[in-house]
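As structure tokens, the structure follows; a few thoughts come after it.
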Amino acid sequence: MMALARFPAVSRRRLLAGLGATALSLSGPPGLLRAFAGAAAGRPTGTVTALAFDQGKLLAAAAGIWASHDGGVTFLPRAEGPGADVTALASHPDLDGVIYAITPGGLMRSPDAGISWHPAGTGLPATPLDAVAIAAHDPQTLYVAVRGDGLWQSKDGAKTWDFAMDRPLVDTVEVDVQALASVGSLSGMGGFWVYAGTSKGVAKVPDCFCRWSPLESGGAMAVSASAVKPAPVDPALRLPHLSVTSLALAPAVPDVLFAGLPSGVWKSSDGGATWALVSTALASPILAVNPQDPNHVVAADAGGAMLFSRDGGVTWAALTAA
Amino acid sequence: MRALITIAVIAAGPAWAEGIDTATIQRGQQIYATNCAACHGANLQGQPDWKHRLATGRMPAPPHDVTGHSWHHSDRDLFNLTKLGVAAVVGDGYESDMPAFAGKLSDDEITAVLDYIKSTWPARAQASQAKITAADEAAPP
């Protein structure tokens with residue numbers, strides 16, 4: 001659904017350096033970025049920095065946007081832009097071909113599965129963005145994490161934006177949101193949940209944005225008088241309070257979540273209450289789950305490696321060209 | 001009172017005014033002005049920039065009009081949050097400037113304040129909040 005990759009040693013410099021270049025590239029005819037012409041099928045060149053599924057097609061951002069119709073075995077270059085500095089992609093099964101991308105120049109939208117891209121962040125602060133998600137229950141609602149600021153929300157398909165919520169407070173410190181996921185399980189507040197990956201684990205907030213709460217606070221809104229208080233969780237089953245660089249799920253199966261941490265791929269089957277480390281092959285991977293097949297999970301890391309699972313994360317194999 | 005609220009939501013037009021005792025709403029407004037308005041605003045508008053955390057790390061007092069999130073809470077939650085204070089209800093060390101009004105306001109006075117607050121919401125918000133309340137009341141104790 002969405003994925004985000006940040007590589008601490010270089011990401012900030014690259015982001016800042018990219019601001020000017022991207023601004024120039026967007027100054028041409030309505031922000032339309034050129035599609036590759038005559039490019040051959042192959043593997044993404046450069047590091048894969050974001051993944052998303054457009055229906056059953058796997059999209060990868062890596063020195064351009066690449067699309068795979070065979071689950072990642074082979075890719076076709078889709079477009080030059082928004083380029084190598086994409087840090088997140090978001091899609092929705094009800095929006096065929098519509099892709100959102102976080103770039104150093106801001107939020108971009110593609111109406112044609114990544115071939116053309118247009119600015120979509122008018123009204124957002126002119127500061128770096130770190131994550132984007134489309135609401136599971138309403139594809140016209142989007143959430144964007146603004147670095148140093150908090151969550152912004154659009155309810156009209158990115159035409160207008162409003163500030164929604166400050167950043168999560170974790171261990172008395174405000175932390176930036178590095179990854180976002182709309183989780184379509186009932187919050188008990190008339191809506192659903194937004195989960196945020198941070199440098200210290202995952203925080204969650206109902207989509208009425210009343211307050212952040214720890215992931216461990218249970219499946220219902222802890223503030224609700226009727227909320228079933230969760231049973232104490234074995235610390236070994238908790239998601240470590242470490243950097244979460246990716247969150248991914250299939251909207252139709254909101255209880256099954258995948259998270260990318262330095263230790264690898266973690267999976268929860270109960271909406272985030274308990275977790276298990278299901279792959280240590282990739283460190284701080286970016287992740288995507290196929291909305292048409294929730295057992296189909298793809299992971300990539302900064303070193304260019306890509307893995308896939310067809311059984312919901314039980315077993316993993318490297319993606320290699322046939 | 002809850003039954004009256006339900007009737008009000010189902011009715012068309014300015015539903016609240018039809019279903020709730022006007023005297024109760026006026027009493028609630030007076031209690032609100034004395035006990036709540038200093039933080040939540042005389043016009044229910046909340047503290048300035050209420051979505052950004054204060055220097056203390058706590059969140060400002062949110063609006064109680066439809067621009068806030070009070071109408072996303074059930075009747076029971078709103079009552080308990082007011083009577084017991086946010087920190088006590090949320091737990092887990094959560095800190096809030098919202099005090100407990102137990103001992104300062106009676107249960108009837110708290111209910112009157114909430115009746116007043118809810119009377120200001122548009123019908124759509126009232127209906128949504130009524131659904132949340134119904135779901136909350138149907139949940140196991």
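Labels for the structure tokens follow display order: chains A, B, ..., residues from 1 in each chain, ligands from 1.
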
Residue hits in chain B, query chain A, radius 10 Å, only C-alpha atoms, as a PDB file with C-alpha atoms, in the first residue's frame:
ATOM      1  CA  TRP B  50      -4.949  23.456  19.481  1.00  0.00           C
ATOM      2  CA  LYS B  51      -3.594  20.758  17.191  1.00  0.00           C
ATOM      3  CA  HIS B  52      -0.003  21.583  18.091  1.00  0.00           C
ATOM      4  CA  ARG B  53       1.437  20.357  21.359  1.00  0.00           C
ATOM      5  CA  THR B  56       4.820  21.148  28.257  1.00  0.00           C
ATOM      6  CA  GLY B  57       4.255  18.288  25.867  1.00  0.00           C
ATOM      7  CA  ARG B  58       0.535  18.330  26.559  1.00  0.00           C
ATOM      8  CA  MET B  59      -2.099  19.014  23.963  1.00  0.00           C
ATOM      9  CA  PRO B  62      -9.593  21.253  21.880  1.00  0.00           C
ATOM     10  CA  GLY B  68     -13.039  19.603  17.210  1.00  0.00           C
ATOM     11  CA  HIS B  69     -13.283  15.910  17.893  1.00  0.00           C
ATOM     12  CA  SER B  70     -15.674  15.848  20.851  1.00  0.00           C
ATOM     13  CA  TRP B  71     -18.450  14.608  18.608  1.00  0.00           C
ATOM     14  CA  HIS B  72     -16.363  11.506  17.891  1.00  0.00           C
ATOM     15  CA  HIS B  73     -16.687  10.444  21.523  1.00  0.00           C
ATOM     16  CA  SER B  74     -19.580   8.517  23.029  1.00  0.00           C
ATOM     17  CA  ASP B  75     -21.753   9.996  25.771  1.00  0.00           C
ATOM     18  CA  ARG B  76     -20.091   7.717  28.285  1.00  0.00           C
ATOM     19  CA  ASP B  77     -16.599   8.760  27.226  1.00  0.00           C
ATOM     20  CA  LEU B  78     -17.478  12.450  27.338  1.00  0.00           C
ATOM     21  CA  PHE B  79     -18.960  12.056  30.787  1.00  0.00           C
ATOM     22  CA  ASN B  80     -16.027  10.075  32.156  1.00  0.00           C
ATOM     23  CA  LEU B  81     -13.445  12.358  30.590  1.00  0.00           C
ATOM     24  CA  VAL B  86      -8.364  12.797  30.673  1.00  0.00           C
ATOM     25  CA  ALA B  87      -5.260  11.384  32.322  1.00  0.00           C
ATOM     26  CA  ALA B  88      -7.238   9.075  34.577  1.00  0.00           C
ATOM     27  CA  VAL B  89      -9.339   7.726  31.736  1.00  0.00           C
ATOM     28  CA  VAL B  90      -6.520   7.280  29.254  1.00  0.00           C
ATOM     29  CA  GLY B  91      -3.951   5.939  31.695  1.00  0.00           C
ATOM     30  CA  ASP B  92      -0.521   4.776  30.552  1.00  0.00           C
ATOM     31  CA  TYR B  94      -0.801  10.183  29.608  1.00  0.00           C
ATOM     32  CA  SER B 128     -22.772  10.609  14.018  1.00  0.00           C
ATOM     33  CA  GLN B 129     -22.154  11.000  17.727  1.00  0.00           C
ATOM     34  CA  ALA B 130     -25.406   9.211  18.504  1.00  0.00           C
ATOM     35  CA  LYS B 131     -24.212   6.217  16.471  1.00  0.00           C
ATOM     36  CA  ILE B 132     -20.919   6.186  18.356  1.00  0.00           C
ATOM     37  CA  THR B 133     -22.825   6.312  21.630  1.00  0.00           C
ATOM     38  CA  ALA B 135     -22.141   1.322  19.614  1.00  0.00           C
ATOM     39  CA  ASP B 136     -20.434   2.144  22.876  1.00  0.00           C
ATOM     40  CA  GLU B 137     -23.508   1.198  24.892  1.00  0.00           C
ATOM     41  CA  ALA B 138     -23.846  -2.049  22.972  1.00  0.00           C
ATOM     42  CA  ALA B 139     -20.264  -3.014  23.786  1.00  0.00           C
ATOM     43  CA  PRO B 140     -19.556  -5.299  26.740  1.00  0.00           C
ATOM     44  CA  PRO B 141     -19.135  -3.445  30.029  1.00  0.00           C
TER      45      PRO B 141
END

With a distance cut-off of 10 Å and only C-alpha atoms, select the neighbouring residues of region 38-46 of chain B, excluding the residue or stretch itself and same-chain residues fewer than 5 positions from it, and output the selection as number ranges by chain. B: 29, 32-33, 51, 60-68, 97-98, 117, 120

Produce a file of the selected residues containing C-alpha atoms, as a short mmCIF file (atom, residue, chain, number, x, y, z; two decimals), in the first residue's frame.
data_model
loop_
_atom_site.label_atom_id
_atom_site.label_comp_id
_atom_site.auth_asym_id
_atom_site.auth_seq_id
_atom_site.Cartn_x
_atom_site.Cartn_y
_atom_site.Cartn_z
CA GLN B 29 -24.24 26.82 29.18
CA TYR B 32 -19.74 25.71 30.95
CA ALA B 33 -19.06 29.45 31.10
CA LYS B 51 -3.59 20.76 17.19
CA PRO B 60 -4.07 22.28 24.18
CA ALA B 61 -7.75 22.21 25.06
CA PRO B 62 -9.59 21.25 21.88
CA PRO B 63 -12.72 22.95 20.60
CA HIS B 64 -16.05 21.53 21.60
CA ASP B 65 -17.74 22.83 18.49
CA VAL B 66 -17.93 20.75 15.36
CA THR B 67 -14.38 21.66 14.34
CA GLY B 68 -13.04 19.60 17.21
CA ASP B 97 -4.29 19.76 31.51
CA MET B 98 -7.92 18.63 31.64
CA ILE B 117 -22.17 21.34 24.03
CA THR B 120 -24.46 23.40 19.34
#

Rounded to one decimal, what separation in Å do you get between CA of Leu84 (chain B) and CA of Gln26 (chain B)?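 Between CA of Leu84 (chain B) and CA of Gln26 (chain B) the gap works out to 23.6 Å.
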
Spatial neighbours of Gly201 (chain A), 12 Å, only C-alpha atoms, chain gap at least 3 places, as a count of residues only: 36
